[in-house]
Every structure is written in structure tokens, then in C-alpha cells.
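The structure appears right after this line, and notes come after that.
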Amino acid sequence: MLIAVPEYLASKAARTEAALEQCFAEWVDTPATLLEAMRYSLFAGGKRLRPGLALGACEIVCGDDAPALPAACALEMIHTYSLMHDDLPSMDNDDLRRGKPTAHRVFGEAMAILGGDALLTMAFDVAASSGDARVVREIAQAAGVAGMVGGQVIDLESEGKRLSVDELKGLHARKTGALIRVSVRTGALLGGANDEAMGALTAYGDHIGLAFQIADDVLDVIGTEAALGKPIGSDIARDKSTYPAAVGLDRARTLGEESVAAAIGALEVFGPEADAFRALARYIMDRDR
């Protein structure tokens, strides 16, 4: 079956955004400026990859993506908070995100920090509405000290150093891969996956997490600001270790393609219901933003 990945992600994004709007409607006692800062970043566009993975994994397992909507919303909220904080002057000091001024440029640093804090905190309230404590715990572990935040610390401490490929894989398994992996896993959990399906989808999440980071590193070298919606060459400017820096551009692309092939291979236990995930794995490496 021919799958149009942009349309697939757009359909999952629409489902997620409708559910996110319901969340905002319930936060009636929130200061208006805080809500505005949260909305500004959360509804600024983007691929909505992580909620798409959660909804898609649930759909593969049980034929319906609705059970995974709380996880999808929580994951996008956490991803957005991480971007709001990454863009701050004390972190990456970026002025553009998705083609728009970053939150701290519009609302000031304090409100960007608090808006990110609010999204992170409320994400767990939303995740808890799934009724499955395993989902809340897995998201916390993926976003926290052993996952995304821990990876960000290692990334900061690695500036100016040259990491090996194995060290890069370990870094990005936390910084980028953990949230992608848990997106697939929480969707599968909420769909009622058995051990075989959970193992296959977890492996898929691991492999596409690596492919996603490699593609990001490659795009920082060959992409365009117009397509990416943010300046290119920022990794080089901050002297960060990347896959192109470690092994060269061609070898980095090869590593990405190998990860895509491994991700597709992990889906062998599923039939055509996983075709969208197969196409998505290829899309991750072939994208221009």
C-alpha cells in the first residue's frame, strides 16, 4: 500500500491538536499571559512526530488510536517545553523556531521558562488521564535524568569534544531517542500490545530514534533555513559532536539508512497495518526539515 506520510502525520496532528484544545479549555484558572506563551509554542506547527508515533502504534495494535490520545498530548507538551528551554540564551540562544521568533524573544525569558515549566507539569496530568500508571512512569523516565534531560546535560558537556560513534549513539539514545522510543511504547501499551508486539515496536522506536538524529545532524549541514525554520550550521558554531563530524557526511547518511532498514525489519511481525510506520521510517531519513 502506498502511504503518503505527510498526510498521515497531518491526520494524527489534527487529532492531537483537537485533544490539546480540550486540555486548554479545562485550564480555566491559568493566567492569560502564561496560556498565551504556552499556546504560542505548542501550536506553532511542526511534524507532530511523537504524537503520531503514539497514535500510530496504538492503531497498529488494536485498530484504534483513541486510547493513546492522552499520551500523544502529553508527549507533544513535553517536546514543546524542551524546545522552549533549549532556545533560551543560557542554552542554544536561538532566535527562530519553526520559522517564528522563539518564545523568549516574544514573551521574555521568564515567561518562556514558566511556559515550558507549565507544559511539562501539566503533561503528567494529561498522561494520568489515560488511567495507566505505566504510561506516566515511562514518560517520566524517558523525559528525565536517564532520558532527555540527562542527554541534554551530556550534550552540553560534550561541546568542544570529539565523541566516537558509540558515544554519540549513547548520547542521542537519551537526548532524542528516549522520547521517540517512549512515544511508540506508550501507544502500544494503551493499545494492549502483547509481548511480541511490544518488543517489535520498541525496536522500531529505537532504530527510528537514531535515524531521526542522524537526519537532523545531516540537515544542519546541508539543509536550508527556509525549510528548517531555524538557522543552519548551529552545531558547527557551538562545536558540537555530530555524526557528519565524527564519520563524514556520506558515512552518516549510510548509518541513517541502516537504521531505517533495521526499523522496517523490526515490523516484520505485523502485516499491512504497519505500512504507515514502514513509510514513516523512510520519510524520517529523506525529509528536508
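Simple scheme: letters A, B, ... for chains in C-alpha cells order, numbers from 1 for residues in each chain, numbers from 1 for ligands in the order shown.
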Inset, instruction - Pick out the residues sitting within 10 Å of Leu249 in chain A, and hand them over as a list in words; count only C-alpha atoms, and ignore anything fewer than 5 positions along from it in its own chain. - result: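 Returned residues: Ile214, Asp217, Val218, Val221, Ile222, Thr242, Tyr243, Pro244, Thr254 and Leu255 of chain A.
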Legend entry - Spatial neighbours of Leu190 in chain A, max dist 8 Å, only C-alpha atoms, sep filter under 4 positions, as a PyMOL selection string: chain A and resi 58+67-68+130+132+135+186
Legend entry - Residue nearest Arg251 in chain A among A:Val165, A:Lys12, A:Ile284, A:Leu189 (counting only C-alpha atoms): A:Val165
Legend entry - Those in range 20-250 of chain A with strand (DSSP E or B) from DSSP, as a list in words: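 Filtering range 20-250 of chain A down to strand (DSSP E or B) leaves Leu96, Arg97, Lys100 and Pro101 of chain A.
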Inset, instruction - Fewer than 5 positions away in the same chain doesn't count, so skip those; otherwise give me all residues within 12 Å of Lys47 in chain A, counting only C-alpha atoms, as a ChimeraX atom specification. - result: /A:5-14,16-17,42,52-53,76,79-80,98,228,280,283-284,287-289
Store the residues picked out above in a file with C-alpha atoms, as a tab-separated table (two decimals), in the first residue's frame.
chain	number	residue	atom	x	y	z
A	5	VAL	CA	3.50	10.19	5.15
A	6	PRO	CA	2.88	13.99	5.33
A	7	GLU	CA	-0.86	13.36	5.07
A	8	TYR	CA	-0.65	10.55	7.64
A	9	LEU	CA	1.17	12.78	10.12
A	10	ALA	CA	-1.21	15.66	9.38
A	11	SER	CA	-4.21	13.47	10.23
A	12	LYS	CA	-2.62	12.40	13.52
A	13	ALA	CA	-1.62	16.00	14.24
A	14	ALA	CA	-5.22	17.15	13.76
A	16	THR	CA	-3.76	15.58	18.73
A	17	GLU	CA	-4.41	19.29	18.36
A	42	LEU	CA	2.60	24.40	21.33
A	52	GLY	CA	1.88	10.49	15.53
A	53	LEU	CA	4.01	7.59	16.70
A	76	GLU	CA	3.90	16.86	22.46
A	79	HIS	CA	8.63	18.03	23.46
A	80	THR	CA	7.48	21.65	23.18
A	98	ARG	CA	9.64	26.73	13.08
A	228	LEU	CA	14.04	24.06	8.59
A	280	LEU	CA	7.45	6.81	8.12
A	283	TYR	CA	10.46	9.57	5.46
A	284	ILE	CA	12.47	10.34	8.59
A	287	ARG	CA	12.95	14.67	4.93
A	288	ASP	CA	14.19	18.22	4.32
A	289	ARG	CA	13.11	19.64	7.69
Inset, instruction - For range 84-95 of chain A, please output as a PyMOL selection string all residues within 10 Å (counting only C-alpha atoms; exclusion window: fewer than 6 positions along the same chain). - result: chain A and resi 37-38+41-42+78+101-106+108-110+112-117+119+152+156+230-231+234-235+238
Inset, instruction - Find the residue from A:Val61, A:Ile264, A:Ala252, A:Val182 that sits nearest to Gln141 in chain A; use only C-alpha atoms when measuring. - result: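 Using only C-alpha atoms, the shortest distance to Gln141 in chain A belongs to A:Val182.
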Inset, instruction - Pull the helix (DSSP H, G or I) assignments for range 168-250 of chain A out of DSSP run on the backbone, and list those residues as a PyMOL selection string. - result: chain A and resi 168-175+177-190+195-222+225-228+234-237+243-247+249-250
Selection from above, C-alpha atoms, as an mmCIF file, in the first residue's frame, can you write it?
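Contents of again17.cif, as written:
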data_model
loop_
_atom_site.group_PDB
_atom_site.id
_atom_site.type_symbol
_atom_site.label_atom_id
_atom_site.label_comp_id
_atom_site.auth_asym_id
_atom_site.auth_seq_id
_atom_site.Cartn_x
_atom_site.Cartn_y
_atom_site.Cartn_z
ATOM 1 C CA LEU A 168 27.181 9.652 20.052
ATOM 2 C CA LYS A 169 24.682 6.789 19.960
ATOM 3 C CA GLY A 170 24.607 6.697 23.747
ATOM 4 C CA LEU A 171 24.122 10.462 23.962
ATOM 5 C CA HIS A 172 21.325 10.588 21.418
ATOM 6 C CA ALA A 173 19.586 7.478 22.722
ATOM 7 C CA ARG A 174 18.861 9.729 25.697
ATOM 8 C CA LYS A 175 18.552 13.223 24.265
ATOM 9 C CA GLY A 177 15.777 8.735 21.101
ATOM 10 C CA ALA A 178 14.195 8.294 24.529
ATOM 11 C CA LEU A 179 11.147 10.447 23.752
ATOM 12 C CA ILE A 180 10.706 8.828 20.339
ATOM 13 C CA ARG A 181 11.022 5.344 21.827
ATOM 14 C CA VAL A 182 8.523 6.075 24.596
ATOM 15 C CA SER A 183 6.071 7.525 22.074
ATOM 16 C CA VAL A 184 5.889 4.163 20.351
ATOM 17 C CA ARG A 185 5.868 2.212 23.614
ATOM 18 C CA THR A 186 3.092 4.199 25.306
ATOM 19 C CA GLY A 187 0.904 3.935 22.232
ATOM 20 C CA ALA A 188 1.470 0.183 22.178
ATOM 21 C CA LEU A 189 0.767 -0.116 25.909
ATOM 22 C CA LEU A 190 -2.516 1.767 25.620
ATOM 23 C CA ASP A 195 5.000 -9.098 24.492
ATOM 24 C CA GLU A 196 5.818 -9.836 20.857
ATOM 25 C CA ALA A 197 4.197 -6.658 19.549
ATOM 26 C CA MET A 198 5.754 -4.571 22.308
ATOM 27 C CA GLY A 199 9.212 -5.942 21.564
ATOM 28 C CA ALA A 200 8.877 -5.283 17.844
ATOM 29 C CA LEU A 201 7.564 -1.749 18.282
ATOM 30 C CA THR A 202 10.196 -0.919 20.905
ATOM 31 C CA ALA A 203 12.942 -1.994 18.492
ATOM 32 C CA TYR A 204 11.300 0.110 15.780
ATOM 33 C CA GLY A 205 11.299 3.124 18.094
ATOM 34 C CA ASP A 206 14.961 2.649 18.953
ATOM 35 C CA HIS A 207 16.013 2.482 15.305
ATOM 36 C CA ILE A 208 13.972 5.439 14.068
ATOM 37 C CA GLY A 209 15.192 7.499 17.024
ATOM 38 C CA LEU A 210 18.749 7.026 15.787
ATOM 39 C CA ALA A 211 17.754 7.702 12.171
ATOM 40 C CA PHE A 212 15.966 10.892 13.219
ATOM 41 C CA GLN A 213 19.021 12.282 14.993
ATOM 42 C CA ILE A 214 21.351 11.401 12.122
ATOM 43 C CA ALA A 215 18.982 13.116 9.694
ATOM 44 C CA ASP A 216 18.920 16.199 11.947
ATOM 45 C CA ASP A 217 22.722 16.289 12.006
ATOM 46 C CA VAL A 218 22.879 15.962 8.229
ATOM 47 C CA LEU A 219 20.283 18.697 7.725
ATOM 48 C CA ASP A 220 22.286 21.058 9.934
ATOM 49 C CA VAL A 221 24.996 20.750 7.276
ATOM 50 C CA ILE A 222 23.043 20.623 4.007
ATOM 51 C CA GLU A 225 16.909 27.928 6.839
ATOM 52 C CA ALA A 226 13.721 28.327 4.789
ATOM 53 C CA ALA A 227 12.918 24.613 5.010
ATOM 54 C CA LEU A 228 14.039 24.065 8.591
ATOM 55 C CA SER A 234 24.358 25.860 14.621
ATOM 56 C CA ASP A 235 26.026 22.568 15.585
ATOM 57 C CA ILE A 236 29.265 23.662 13.927
ATOM 58 C CA ALA A 237 29.047 27.108 15.530
ATOM 59 C CA TYR A 243 27.560 12.179 13.022
ATOM 60 C CA PRO A 244 28.868 14.118 9.992
ATOM 61 C CA ALA A 245 31.691 15.492 12.158
ATOM 62 C CA ALA A 246 32.510 12.030 13.506
ATOM 63 C CA VAL A 247 32.342 9.936 10.329
ATOM 64 C CA LEU A 249 28.564 13.188 5.594
ATOM 65 C CA ASP A 250 28.385 10.109 3.354
#
Legend entry - Of the listed residues A:Met285, A:Ser241, A:Ala123, A:Arg134, that which approaches Glu258 in chain A most closely, counting only C-alpha atoms: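 Residue with the minimum atom-to-atom distance to Glu258 in chain A: A:Met285.
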Legend entry - Separation of CA of Asp125 in chain A from CA of Ala72 in chain A, in Å and rounded to one decimal: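 For CA of Asp125 in chain A relative to CA of Ala72 in chain A, the distance reads 12.8 Å.
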Inset, instruction - May I ask which of the residues A:Gly191, A:Gly150, A:Gly99, A:Pro272 is the closest one to Leu55 in chain A, counting only C-alpha atoms? - result: A:Gly191
Legend entry - Using only C-alpha atoms: which of A:Pro70, A:Cys23, A:Ala142, A:Gly131 has the shortest distance to Leu35 in chain A: A:Cys23
Inset, instruction - Mind giving me the straight-line distance from CA of Ala25 in chain A to CA of Val126 in chain A in Å, one decimal? - result: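 So the two atoms, CA of Ala25 in chain A and CA of Val126 in chain A, lie 12.8 Å apart.
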Inset, instruction - Could you tell me which of A:Glu59, A:Tyr81, A:Cys73, A:Ala19 comes closest to Asp275 in chain A if we count only C-alpha atoms? - result: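 The closest residue to Asp275 in chain A is A:Glu59.
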Inset, instruction - In Å, rounded to a single decimal, give me how far CA of Thr121 in chain A is from CA of Phe24 in chain A. - result: 13.5 Å
